[in-house]
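A.B. asks: Compact mmCIF, C-alpha atoms, file coords12.txt:
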```
# COMPACT_ATOMS: atom_id res chain seq x y z
CA MET J 17 0.52 6.08 29.41
CA THR J 18 1.37 5.71 25.72
CA THR J 19 -0.64 7.52 23.09
CA ALA J 20 -0.86 7.25 19.33
CA PRO J 21 1.22 9.73 17.28
CA LEU J 22 -1.86 11.27 15.62
CA ALA J 23 -4.18 11.15 18.62
CA GLY J 24 -6.49 14.15 18.56
CA LYS J 25 -6.33 14.60 14.78
CA THR J 26 -9.48 14.16 12.71
CA VAL J 27 -9.44 13.02 9.08
CA ILE J 28 -12.36 13.33 6.69
CA ASP J 29 -11.96 10.39 4.33
CA LEU J 30 -13.43 10.98 0.86
CA THR J 31 -11.66 8.03 -0.71
CA THR J 32 -12.67 4.79 -2.39
CA ALA J 33 -11.09 1.66 -3.92
CA LEU J 34 -7.44 1.12 -2.82
CA ALA J 35 -4.98 4.02 -3.13
CA GLY J 36 -6.95 6.51 -1.04
CA PRO J 37 -8.30 4.05 1.54
CA TYR J 38 -4.81 2.68 2.15
CA ALA J 39 -3.58 6.19 2.95
CA THR J 40 -6.38 6.78 5.44
CA LEU J 41 -5.88 3.29 6.87
CA LEU J 42 -2.32 4.26 7.76
CA LEU J 43 -3.52 7.52 9.32
CA ALA J 44 -6.06 5.56 11.37
CA GLY J 45 -3.35 3.16 12.49
CA LEU J 46 -1.28 6.14 13.62
CA GLY J 47 -4.14 7.18 15.85
CA ALA J 48 -6.15 9.73 13.88
CA ARG J 49 -9.93 9.67 14.01
CA VAL J 50 -10.92 8.82 10.45
CA ILE J 51 -14.49 9.59 9.37
CA LYS J 52 -15.15 7.75 6.13
CA VAL J 53 -17.77 9.42 3.94
CA GLU J 54 -19.57 6.89 1.72
CA ASN J 55 -22.14 7.28 -1.04
CA PRO J 56 -25.32 5.46 0.04
CA SER J 57 -26.76 5.30 -3.48
CA ARG J 58 -23.78 3.22 -4.70
CA GLY J 59 -23.47 0.91 -1.72
CA GLY J 60 -20.59 2.87 -0.25
CA ASP J 61 -16.93 2.36 -1.04
CA SER J 62 -16.50 0.30 -4.21
CA SER J 63 -14.33 -2.19 -2.31
CA ARG J 64 -17.39 -3.25 -0.30
CA ASN J 65 -18.41 -5.10 -3.47
CA ASN J 66 -15.08 -6.85 -4.08
CA SER J 67 -15.39 -10.64 -3.89
CA PRO J 68 -14.62 -12.68 -1.80
CA TYR J 69 -16.78 -11.99 1.23
CA VAL J 70 -16.60 -13.20 4.81
CA THR J 71 -19.89 -14.80 5.78
CA ALA J 72 -21.11 -16.61 8.87
CA ASP J 73 -19.92 -19.83 7.20
CA GLY J 74 -16.55 -18.57 6.00
CA LEU J 75 -15.29 -17.20 2.70
CA SER J 76 -17.70 -16.98 -0.22
CA LEU J 77 -17.52 -15.64 -3.77
CA ARG J 78 -21.02 -14.16 -3.31
CA ARG J 79 -22.84 -12.32 -0.55
CA THR J 80 -25.22 -14.49 1.41
CA SER J 81 -26.58 -11.94 3.93
CA PRO J 82 -26.48 -8.21 4.69
CA GLU J 83 -23.89 -8.85 7.42
CA ASP J 84 -21.38 -10.26 4.95
CA MET J 85 -18.38 -8.03 4.28
CA SER J 86 -15.73 -8.14 1.58
CA VAL J 87 -12.20 -9.02 2.62
CA SER J 88 -11.11 -5.80 0.88
CA MET J 89 -13.29 -3.68 3.17
CA MET J 90 -12.32 -5.69 6.23
CA LEU J 91 -8.72 -4.79 5.46
CA ARG J 92 -9.01 -1.17 4.25
CA GLY J 93 -11.80 -0.02 6.55
CA ARG J 94 -10.21 -0.92 9.87
CA GLY J 95 -10.09 1.76 12.53
CA LYS J 96 -12.50 4.05 10.66
CA GLU J 97 -15.98 5.41 11.28
CA SER J 98 -18.48 5.30 8.41
CA ILE J 99 -21.12 7.86 7.59
CA THR J 100 -23.31 7.99 4.51
CA LEU J 101 -23.58 11.24 2.58
CA ASN J 102 -24.84 11.66 -0.97
CA LEU J 103 -22.47 14.36 -2.21
CA LYS J 104 -24.57 14.88 -5.35
CA HIS J 105 -27.45 16.14 -3.22
CA PRO J 106 -27.37 19.96 -2.94
CA GLU J 107 -27.78 19.87 0.86
CA SER J 108 -24.92 17.46 1.39
CA ARG J 109 -22.22 20.05 0.90
CA GLU J 110 -23.20 21.99 4.02
CA VAL J 111 -23.11 18.80 6.07
CA LEU J 112 -19.65 18.02 4.75
CA PHE J 113 -18.53 21.60 5.37
CA ASP J 114 -19.61 21.32 9.01
CA LEU J 115 -17.38 18.28 9.39
CA ILE J 116 -14.45 19.91 7.60
CA ARG J 117 -14.60 22.99 9.85
CA GLU J 118 -13.63 20.80 12.82
CA ALA J 119 -11.21 18.49 10.99
CA ASP J 120 -7.45 18.61 10.54
CA ILE J 121 -7.11 16.64 7.32
CA VAL J 122 -9.17 15.78 4.25
CA VAL J 123 -8.07 12.97 1.94
CA GLU J 124 -9.72 12.39 -1.46
CA ASN J 125 -8.98 10.32 -4.54
CA TYR J 126 -11.77 11.32 -6.90
CA SER J 127 -11.22 11.33 -10.64
CA ALA J 128 -9.95 14.58 -12.14
CA GLY J 129 -12.42 17.43 -11.89
CA VAL J 130 -14.99 15.67 -9.70
CA THR J 131 -14.33 17.60 -6.48
CA ARG J 132 -14.50 20.87 -8.40
CA ARG J 133 -17.84 19.92 -9.94
CA LEU J 134 -19.15 18.95 -6.51
CA GLY J 135 -17.87 22.20 -5.01
CA ILE J 136 -15.69 20.42 -2.45
CA ASP J 137 -12.22 20.94 -3.95
CA TYR J 138 -9.48 22.63 -1.96
CA ALA J 139 -10.29 26.08 -3.34
CA SER J 140 -13.90 25.67 -2.15
CA VAL J 141 -13.11 24.50 1.39
CA ARG J 142 -9.88 26.25 2.37
CA GLY J 143 -11.77 29.24 3.72
CA LEU J 144 -13.64 27.01 6.18
CA ASN J 145 -10.52 25.99 8.05
CA GLN J 146 -7.23 27.84 7.66
CA LYS J 147 -5.16 24.98 9.10
CA LEU J 148 -6.76 22.30 6.93
CA VAL J 149 -4.46 19.87 5.13
CA TYR J 150 -6.24 18.70 1.99
CA THR J 151 -4.60 15.70 0.34
CA SER J 152 -5.45 14.58 -3.18
CA ILE J 153 -4.35 11.25 -4.66
CA SER J 154 -4.96 10.95 -8.38
CA GLY J 155 -3.60 9.13 -11.38
CA PHE J 156 -1.83 12.07 -12.97
CA GLY J 157 -1.88 14.88 -10.42
CA ALA J 158 -4.01 17.96 -9.92
CA THR J 159 -1.88 20.12 -12.22
CA GLY J 160 -2.24 20.12 -16.00
CA ASP J 161 -5.14 19.01 -18.17
CA HIS J 162 -5.56 15.26 -18.10
CA GLY J 163 -9.13 15.15 -19.32
CA ASP J 164 -10.89 11.96 -18.30
CA ARG J 165 -7.81 9.69 -18.36
CA LYS J 166 -8.47 6.67 -16.20
CA ALA J 167 -5.93 5.79 -13.54
CA MET J 168 -6.02 2.07 -12.91
CA ASP J 169 -3.00 0.37 -11.36
CA THR J 170 -2.05 -1.53 -14.52
CA ILE J 171 -2.30 1.67 -16.58
CA ILE J 172 0.08 3.38 -14.16
CA GLN J 173 2.47 0.42 -14.21
CA ALA J 174 2.48 0.54 -18.00
CA LEU J 175 3.20 4.27 -18.16
CA SER J 176 5.84 4.27 -15.39
CA GLY J 177 8.25 1.92 -17.15
CA VAL J 178 8.24 -0.55 -14.27
CA MET J 179 6.83 -3.31 -16.51
CA THR J 180 10.07 -3.36 -18.50
CA THR J 181 12.32 -3.82 -15.46
CA ALA J 182 11.27 -7.43 -14.74
CA GLY J 183 11.54 -10.57 -16.82
CA GLU J 184 14.10 -11.82 -19.29
CA PRO J 185 15.40 -9.75 -22.22
CA GLY J 186 12.87 -9.97 -25.04
CA ASP J 187 10.00 -11.02 -22.77
CA PRO J 188 6.63 -9.24 -23.01
CA PRO J 189 6.05 -6.53 -20.39
CA VAL J 190 5.59 -8.00 -16.91
CA ARG J 191 2.72 -6.69 -14.79
CA PHE J 192 3.56 -6.81 -11.10
CA GLY J 193 1.06 -8.97 -9.24
CA LEU J 194 1.15 -6.59 -6.29
CA PRO J 195 -0.68 -3.39 -7.29
CA VAL J 196 2.40 -1.24 -6.77
CA GLY J 197 0.91 1.87 -8.41
CA ASP J 198 -2.04 1.82 -6.03
CA LEU J 199 0.18 1.23 -3.00
CA VAL J 200 3.15 3.53 -3.57
CA ALA J 201 1.09 6.70 -4.07
CA PRO J 202 -0.62 6.50 -0.66
CA LEU J 203 2.74 6.10 1.06
CA PHE J 204 3.90 9.39 -0.45
CA ALA J 205 0.50 10.90 0.33
CA VAL J 206 0.88 10.05 4.02
CA ILE J 207 4.41 11.47 4.06
CA GLY J 208 3.12 14.69 2.47
CA THR J 209 0.12 14.85 4.79
CA LEU J 210 2.23 14.49 7.92
CA ALA J 211 4.71 17.09 6.69
CA ALA J 212 1.90 19.53 5.89
CA THR J 213 0.31 18.89 9.28
CA LEU J 214 3.57 19.82 11.01
CA HIS J 215 3.72 22.94 8.85
CA ALA J 216 0.14 23.85 9.82
CA GLU J 217 0.90 23.41 13.51
CA ARG J 218 3.96 25.62 13.22
CA THR J 219 2.48 28.37 11.03
CA GLY J 220 -1.31 28.06 11.26
CA GLU J 221 -1.38 27.61 7.50
CA GLY J 222 -2.94 24.60 5.82
CA GLN J 223 -2.26 23.57 2.23
CA HIS J 224 -3.09 21.25 -0.64
CA VAL J 225 -0.99 18.07 -0.86
CA ASP J 226 -1.09 16.71 -4.42
CA VAL J 227 0.23 13.20 -5.16
CA SER J 228 -0.02 11.41 -8.50
CA MET J 229 0.15 7.64 -8.88
CA LEU J 230 2.19 8.00 -12.05
CA GLY J 231 4.69 10.37 -10.46
CA ALA J 232 5.05 8.26 -7.32
CA LEU J 233 5.80 5.04 -9.18
CA THR J 234 7.96 6.65 -11.85
CA SER J 235 10.05 8.32 -9.15
CA LEU J 236 10.88 4.87 -7.81
CA VAL J 237 11.79 3.64 -11.28
CA ALA J 238 14.16 6.61 -11.50
CA CYS J 239 15.90 5.49 -8.29
CA GLU J 240 17.85 3.03 -10.44
CA PRO J 241 20.01 4.55 -13.23
CA PHE J 242 18.66 2.27 -15.95
CA ASP J 243 19.73 4.53 -18.83
CA ALA J 244 23.29 4.70 -17.52
CA LEU J 245 23.42 0.95 -16.97
CA GLU J 246 22.28 0.26 -20.53
CA SER J 247 24.82 2.72 -21.92
CA VAL J 248 27.71 0.67 -20.48
CA GLY J 249 26.35 -2.67 -21.60
CA PHE J 250 24.12 -3.88 -18.75
CA PRO J 251 20.74 -5.04 -20.06
CA LEU J 252 17.66 -3.38 -18.61
CA ARG J 253 16.00 -6.74 -17.98
CA THR J 254 18.12 -9.47 -16.45
CA GLY J 255 15.56 -12.08 -15.37
CA ALA J 256 16.49 -14.20 -12.40
CA TYR J 257 19.98 -12.71 -12.01
CA VAL J 258 21.54 -9.27 -11.58
CA PRO J 259 24.90 -9.49 -13.41
CA ARG J 260 26.23 -6.15 -12.20
CA LEU J 261 26.05 -7.40 -8.60
CA ALA J 262 27.09 -11.03 -9.21
CA PRO J 263 26.55 -13.37 -7.54
CA PHE J 264 23.02 -12.07 -7.12
CA GLY J 265 19.64 -13.58 -8.01
CA THR J 266 17.26 -16.51 -7.57
CA PHE J 267 18.24 -20.15 -8.08
CA ARG J 268 16.49 -23.49 -7.95
CA ALA J 269 17.28 -26.38 -5.63
CA VAL J 270 15.72 -29.83 -5.96
CA ASP J 271 12.68 -28.91 -3.88
CA GLY J 272 12.40 -25.13 -4.02
CA TRP J 273 13.82 -21.74 -4.94
CA PHE J 274 16.17 -19.49 -3.02
CA ALA J 275 17.76 -16.07 -3.38
CA ILE J 276 21.42 -15.04 -3.02
CA CYS J 277 22.60 -11.44 -2.62
CA ALA J 278 26.39 -11.41 -2.43
CA PRO J 279 27.82 -8.34 -4.22
CA THR J 280 30.79 -7.77 -1.90
CA ASP J 281 34.08 -9.66 -1.80
CA GLN J 282 33.27 -11.06 1.65
CA PHE J 283 29.83 -12.33 0.71
CA ALA J 284 30.96 -13.67 -2.68
CA ALA J 285 33.72 -15.58 -0.94
CA GLY J 286 31.11 -17.20 1.27
CA VAL J 287 29.16 -18.33 -1.80
CA LEU J 288 32.22 -19.82 -3.48
CA ARG J 289 33.18 -21.66 -0.29
CA ALA J 290 29.63 -22.96 0.09
CA ILE J 291 29.62 -24.45 -3.41
CA GLY J 292 33.04 -26.02 -2.87
CA ARG J 293 34.96 -23.67 -5.18
CA GLU J 294 37.25 -21.91 -2.76
CA ASP J 295 39.95 -22.31 -5.42
CA LEU J 296 38.28 -19.56 -7.45
CA LEU J 297 38.82 -16.91 -4.77
CA ALA J 298 42.24 -16.03 -6.11
CA SER J 299 41.43 -16.49 -9.80
CA SER J 300 41.54 -13.64 -12.25
CA ASP J 301 37.96 -14.45 -13.35
CA PHE J 302 36.27 -14.40 -9.94
CA GLY J 303 38.70 -12.96 -7.40
CA THR J 304 37.45 -9.37 -7.55
CA ARG J 305 34.07 -7.72 -7.86
CA ASP J 306 34.75 -6.37 -11.34
CA ALA J 307 35.92 -9.78 -12.47
CA ARG J 308 32.81 -11.47 -11.12
CA VAL J 309 30.62 -8.94 -12.91
CA ALA J 310 32.49 -9.51 -16.18
CA ASN J 311 32.01 -13.27 -15.79
CA ALA J 312 28.57 -13.20 -14.20
CA ASP J 313 27.01 -15.75 -16.55
CA ARG J 314 29.66 -18.34 -15.73
CA LEU J 315 29.48 -17.66 -12.02
CA HIS J 316 25.69 -17.92 -11.90
CA ALA J 317 25.85 -21.13 -13.93
CA LEU J 318 28.26 -22.65 -11.38
CA ILE J 319 25.89 -21.81 -8.53
CA ALA J 320 22.83 -23.06 -10.43
CA GLY J 321 24.51 -26.37 -11.27
CA TRP J 322 25.55 -26.89 -7.65
CA ALA J 323 22.10 -26.10 -6.27
CA ALA J 324 20.18 -28.17 -8.82
CA GLU J 325 21.49 -31.40 -7.28
CA ARG J 326 20.76 -30.54 -3.64
CA ALA J 327 17.80 -30.15 -1.32
CA LEU J 328 16.87 -26.62 -0.36
CA SER J 329 17.69 -27.22 3.29
CA GLU J 330 21.21 -28.35 2.39
CA VAL J 331 21.75 -25.40 0.07
CA LEU J 332 20.62 -22.84 2.63
CA GLY J 333 22.56 -24.58 5.40
CA GLU J 334 25.84 -24.39 3.46
CA LEU J 335 25.32 -20.78 2.44
CA ASP J 336 24.48 -19.80 6.01
CA ARG J 337 27.47 -21.68 7.41
CA HIS J 338 29.78 -19.67 5.17
CA GLY J 339 28.15 -16.30 5.84
CA ALA J 340 26.56 -15.85 2.40
CA PRO J 341 23.28 -13.86 2.47
CA ALA J 342 20.55 -16.21 1.23
CA ALA J 343 16.90 -16.99 1.87
CA PRO J 344 14.18 -19.29 0.59
CA VAL J 345 11.62 -17.87 -1.85
CA ARG J 346 8.40 -18.15 0.13
CA SER J 347 4.80 -18.18 -0.97
CA THR J 348 2.56 -15.33 0.12
CA ALA J 349 0.79 -17.70 2.50
CA GLU J 350 4.09 -18.59 4.17
CA ALA J 351 5.26 -14.99 4.29
CA VAL J 352 2.22 -13.54 6.06
CA ARG J 353 2.45 -16.24 8.74
CA ASP J 354 6.08 -15.49 9.61
CA PRO J 355 6.19 -15.28 13.43
CA GLN J 356 8.55 -12.33 13.23
CA VAL J 357 6.20 -10.10 11.23
CA THR J 358 3.10 -11.21 13.15
CA ALA J 359 4.81 -10.60 16.50
CA ARG J 360 5.64 -7.07 15.39
CA ALA J 361 2.07 -6.56 14.11
CA GLU J 362 3.39 -5.86 10.61
CA VAL J 363 0.85 -8.44 9.47
CA VAL J 364 -2.27 -8.92 11.60
CA PRO J 365 -5.37 -11.14 11.62
CA LEU J 366 -8.48 -9.64 10.04
CA VAL J 367 -11.62 -9.49 12.16
CA HIS J 368 -15.19 -9.29 10.87
CA PRO J 369 -17.34 -6.84 12.90
CA THR J 370 -20.04 -9.50 13.45
CA PHE J 371 -18.50 -12.91 12.75
CA GLY J 372 -15.11 -12.31 14.35
CA ARG J 373 -11.84 -13.82 13.22
CA PHE J 374 -11.39 -16.59 10.68
CA ASP J 375 -8.21 -18.65 10.75
CA GLY J 376 -5.88 -17.91 7.88
CA LEU J 377 -7.24 -14.45 7.07
CA TYR J 378 -4.51 -11.82 7.42
CA GLY J 379 -4.08 -8.19 6.45
CA ALA J 380 -1.46 -5.48 6.42
CA GLY J 381 -0.53 -4.07 9.79
CA LEU J 382 1.25 -0.78 10.35
CA PRO J 383 4.90 -1.73 9.83
CA VAL J 384 6.39 0.90 12.11
CA VAL J 385 7.35 0.12 15.72
CA PHE J 386 7.60 3.15 18.02
CA SER J 387 9.41 3.16 21.34
CA ALA J 388 7.10 5.69 22.99
CA SER J 389 3.90 5.65 20.94
CA GLU J 390 1.11 3.19 20.34
CA VAL J 391 -0.28 2.24 16.93
CA ASP J 392 -3.25 -0.01 16.35
CA LEU J 393 -5.34 -1.46 13.53
CA SER J 394 -7.35 -3.94 15.56
CA ARG J 395 -10.73 -2.16 15.38
CA PRO J 396 -12.85 -3.91 12.71
CA ALA J 397 -14.07 -2.12 9.60
CA PRO J 398 -17.46 -0.43 10.03
CA ASN J 399 -20.68 -1.38 8.36
CA LEU J 400 -21.92 1.12 5.79
CA GLY J 401 -23.14 4.24 7.58
CA GLU J 402 -22.67 2.69 11.01
CA HIS J 403 -21.56 5.96 12.64
CA THR J 404 -23.70 8.47 10.74
CA GLU J 405 -25.86 9.53 13.65
CA THR J 406 -22.99 9.54 16.16
CA VAL J 407 -20.82 11.74 13.98
CA LEU J 408 -23.61 14.18 13.12
CA ARG J 409 -24.78 14.50 16.72
CA ALA J 410 -21.21 15.37 17.72
CA ALA J 411 -21.30 18.04 14.99
CA GLY J 412 -24.38 19.62 16.61
CA TYR J 413 -27.17 17.97 14.61
CA ASP J 414 -30.26 16.96 16.61
CA ASP J 415 -32.32 13.85 15.92
CA ARG J 416 -35.01 15.83 14.12
CA ARG J 417 -32.58 17.29 11.61
CA ILE J 418 -30.86 13.96 11.06
CA ALA J 419 -34.22 12.34 10.35
CA GLN J 420 -35.07 15.11 7.88
CA LEU J 421 -31.75 14.65 6.08
CA ARG J 422 -32.53 10.96 5.74
CA ARG J 423 -35.98 11.65 4.34
CA ASP J 424 -34.50 14.10 1.85
CA GLY J 425 -31.97 11.55 0.60
CA VAL J 426 -28.92 13.49 1.85
CA LEU J 427 -27.75 10.61 4.08
```
Would you give me this structure, written as structure tokens?

C.D. replies:
Amino acid sequence: MTTAPLAGKTVIDLTTALAGPYATLLLAGLGARVIKVENPSRGGDSSRNNSPYVTADGLSLRRTSPEDMSVSMMLRGRGKESITLNLKHPESREVLFDLIREADIVVENYSAGVTRRLGIDYASVRGLNQKLVYTSISGFGATGDHGDRKAMDTIIQALSGVMTTAGEPGDPPVRFGLPVGDLVAPLFAVIGTLAATLHAERTGEGQHVDVSMLGALTSLVACEPFDALESVGFPLRTGAYVPRLAPFGTFRAVDGWFAICAPTDQFAAGVLRAIGREDLLASSDFGTRDARVANADRLHALIAGWAAERALSEVLGELDRHGAPAAPVRSTAEAVRDPQVTARAEVVPLVHPTFGRFDGLYGAGLPVVFSASEVDLSRPAPNLGEHTETVLRAAGYDDRRIAQLRRDGVL
């Protein structure tokens, strides 16, 4: 019988919006029990109020009934249990502490200083559970004094330098449509959390895992030696083409766009044969990689001129026939319906807890396929506070105490 890699692990999820919830979504997909703590006075996770919503009649820009759920929550809340807990209430901390005592992992993405003010930061809870892994995702990290700096994805993109890596030379900064700052940090957070969990199992010692959105995204920017490239004459921004890898970039056919990535002699030869210029293989301008780089503008112009007069199917057919790596530029709608990624559950249908599945509504799967483990994100997102009583009863609370906590405004 196959089991999930994190089966038996319990995560207390103190996250909201995107970066934190995506981290705990991945942990849930890996098999951890994720208990999502939501603030009842604010309607729970902020993404519950992100339009559009799935209603009984389909997608809507506005809520039409209490059962409606935002697509954001349907995606980020899958596989989790939801309890309500007003962490500003003085009695709430003891309830949270009871849950943390039996947990393996806590994940939070509060603004700087909030967990300390609430008395639930790592220093306040580490004594409850020596093996606890406490993961913080923030805009600028837990070290240093960042005041009340706000960490929105676009702010992080701006500060990381990534906005100046796309577009043509001289263009305004380009904001990535995908919220890369919000999505890269949780990936590193999960890596750190899993590493710290292994450490805790080996040594009995938990620790604080501290990931900043700015640091995560800037570290990826630093994976390319942009300063060195500029110093030898390569522009930082190259638009549709990458001259230092020529032929490399996106081109337009009569009825669509396509990409070519052919930096090696073998692949470049395939491109030249495909466009009917096999005669250039032995030329001093295009016969070697360095020569192609030095004459990248001319080479890319040859390819663009050839493609501009042909249908996309013909272009891709010729490139494929000659072994040149190429692919059509697809829309997001086309991409998420690719049978290959859906068959591998890398993209999965979203399911509403009451209304079920709607055609055409897809979300991120867990893009890791294990040979001996099972991963799953098929359980729908919970309604706000759906598991409050179940979780608290399992923690030893009787019905009378739960009712009192509700009357007191703790839950």

A.B. asks: CA of Ser57 in chain J and CA of Pro202 in chain J, how far apart in Å?

C.D. replies: 26.3 Å

A.B. asks: Under the rule of at most 10 Å, produce a per-residue listing of range 111-226 of chain J near range 32-55 of chain J: chain, number, name, the closest pair of atoms, and the distance in Å, as a tab-separated table, using only C-alpha atoms.

C.D. replies:
```
residue	atom	partner	partner_atom	distance
J:Leu112	CA	J:Val53	CA	8.8
J:Leu115	CA	J:Ile51	CA	9.2
J:Ala119	CA	J:Arg49	CA	9.4
J:Asp120	CA	J:Ala48	CA	9.6
J:Ile121	CA	J:Val50	CA	9.2
J:Val122	CA	J:Val50	CA	9.5
J:Val123	CA	J:Gly36	CA	7.2
J:Glu124	CA	J:Gly36	CA	6.5
J:Asn125	CA	J:Gly36	CA	5.6
J:Tyr126	CA	J:Thr32	CA	8.0
J:Thr151	CA	J:Gly36	CA	9.6
J:Ser152	CA	J:Gly36	CA	8.5
J:Ile153	CA	J:Gly36	CA	6.5
J:Ser154	CA	J:Ala35	CA	8.7
J:Gly155	CA	J:Ala35	CA	9.8
J:Asp169	CA	J:Ala35	CA	9.2
J:Pro195	CA	J:Leu34	CA	9.3
J:Val196	CA	J:Ala35	CA	9.8
J:Gly197	CA	J:Ala35	CA	8.2
J:Asp198	CA	J:Ala35	CA	4.7
J:Leu199	CA	J:Ala35	CA	5.9
J:Val200	CA	J:Ala35	CA	8.2
J:Ala201	CA	J:Ala35	CA	6.7
J:Pro202	CA	J:Ala39	CA	4.7
J:Leu203	CA	J:Ala39	CA	6.6
J:Phe204	CA	J:Ala39	CA	8.8
J:Ala205	CA	J:Ala39	CA	6.8
J:Val206	CA	J:Ala39	CA	6.0
J:Ile207	CA	J:Ala39	CA	9.6
J:Thr209	CA	J:Leu43	CA	9.4
J:Leu210	CA	J:Leu43	CA	9.1
```

A.B. asks: Find the spatial neighbours of Glu325 in chain J, counting all atoms listed in the file, within a cut-off of 10 Å - ignore same-chain residues fewer than 4 positions away - and output them as a ChimeraX atom specification.

C.D. replies: /J:268-271,320-321,331

A.B. asks: Fewer than 4 positions away in the same chain doesn't count, so skip those; otherwise give me all residues within 12 Å of Ala298 in chain J, counting all atoms listed in the file, as a VMD selection string.

C.D. replies: chain J and resid 281 285 288 293 to 294 302 to 305 307 to 308

A.B. asks: Atoms to include: C-alpha atoms. Write the selected residues as a PDB file, in the coordinates of the input.

C.D. replies:
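Below is the file out-v9.pdb, written as the result:
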```pdb
ATOM      1  CA  ASP J 281      34.080  -9.660  -1.800  1.00  0.00           C
ATOM      2  CA  ALA J 285      33.720 -15.580  -0.940  1.00  0.00           C
ATOM      3  CA  LEU J 288      32.220 -19.820  -3.480  1.00  0.00           C
ATOM      4  CA  ARG J 293      34.960 -23.670  -5.180  1.00  0.00           C
ATOM      5  CA  GLU J 294      37.250 -21.910  -2.760  1.00  0.00           C
ATOM      6  CA  PHE J 302      36.270 -14.400  -9.940  1.00  0.00           C
ATOM      7  CA  GLY J 303      38.700 -12.960  -7.400  1.00  0.00           C
ATOM      8  CA  THR J 304      37.450  -9.370  -7.550  1.00  0.00           C
ATOM      9  CA  ARG J 305      34.070  -7.720  -7.860  1.00  0.00           C
ATOM     10  CA  ALA J 307      35.920  -9.780 -12.470  1.00  0.00           C
ATOM     11  CA  ARG J 308      32.810 -11.470 -11.120  1.00  0.00           C
TER      12      ARG J 308
END
```

A.B. asks: Within 8 Å of range 64-74 of chain J, which residues of range 352-426 of chain J come that close, and what is the closest atom pair and distance in Å for each? Count all atoms listed in the file and give it as JSON lines.

C.D. replies:
```
{"residue": "J:His368", "atom": "CA", "partner": "J:Val70", "partner_atom": "CA", "distance": 7.3}
{"residue": "J:Phe371", "atom": "CA", "partner": "J:Ala72", "partner_atom": "CA", "distance": 6.0}
{"residue": "J:Phe374", "atom": "CA", "partner": "J:Gly74", "partner_atom": "CA", "distance": 7.2}
```

A.B. asks: What is the CA of Thr180 in chain J-CA of Ala310 in chain J distance in Å, reported with one decimal?

C.D. replies: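 Going from CA of Thr180 in chain J over to CA of Ala310 in chain J covers 23.4 Å.
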
A.B. asks: Find the distance between CA of Leu393 in chain J and CA of Gly381 in chain J and write it in Å to one decimal.

C.D. replies: 6.6 Å
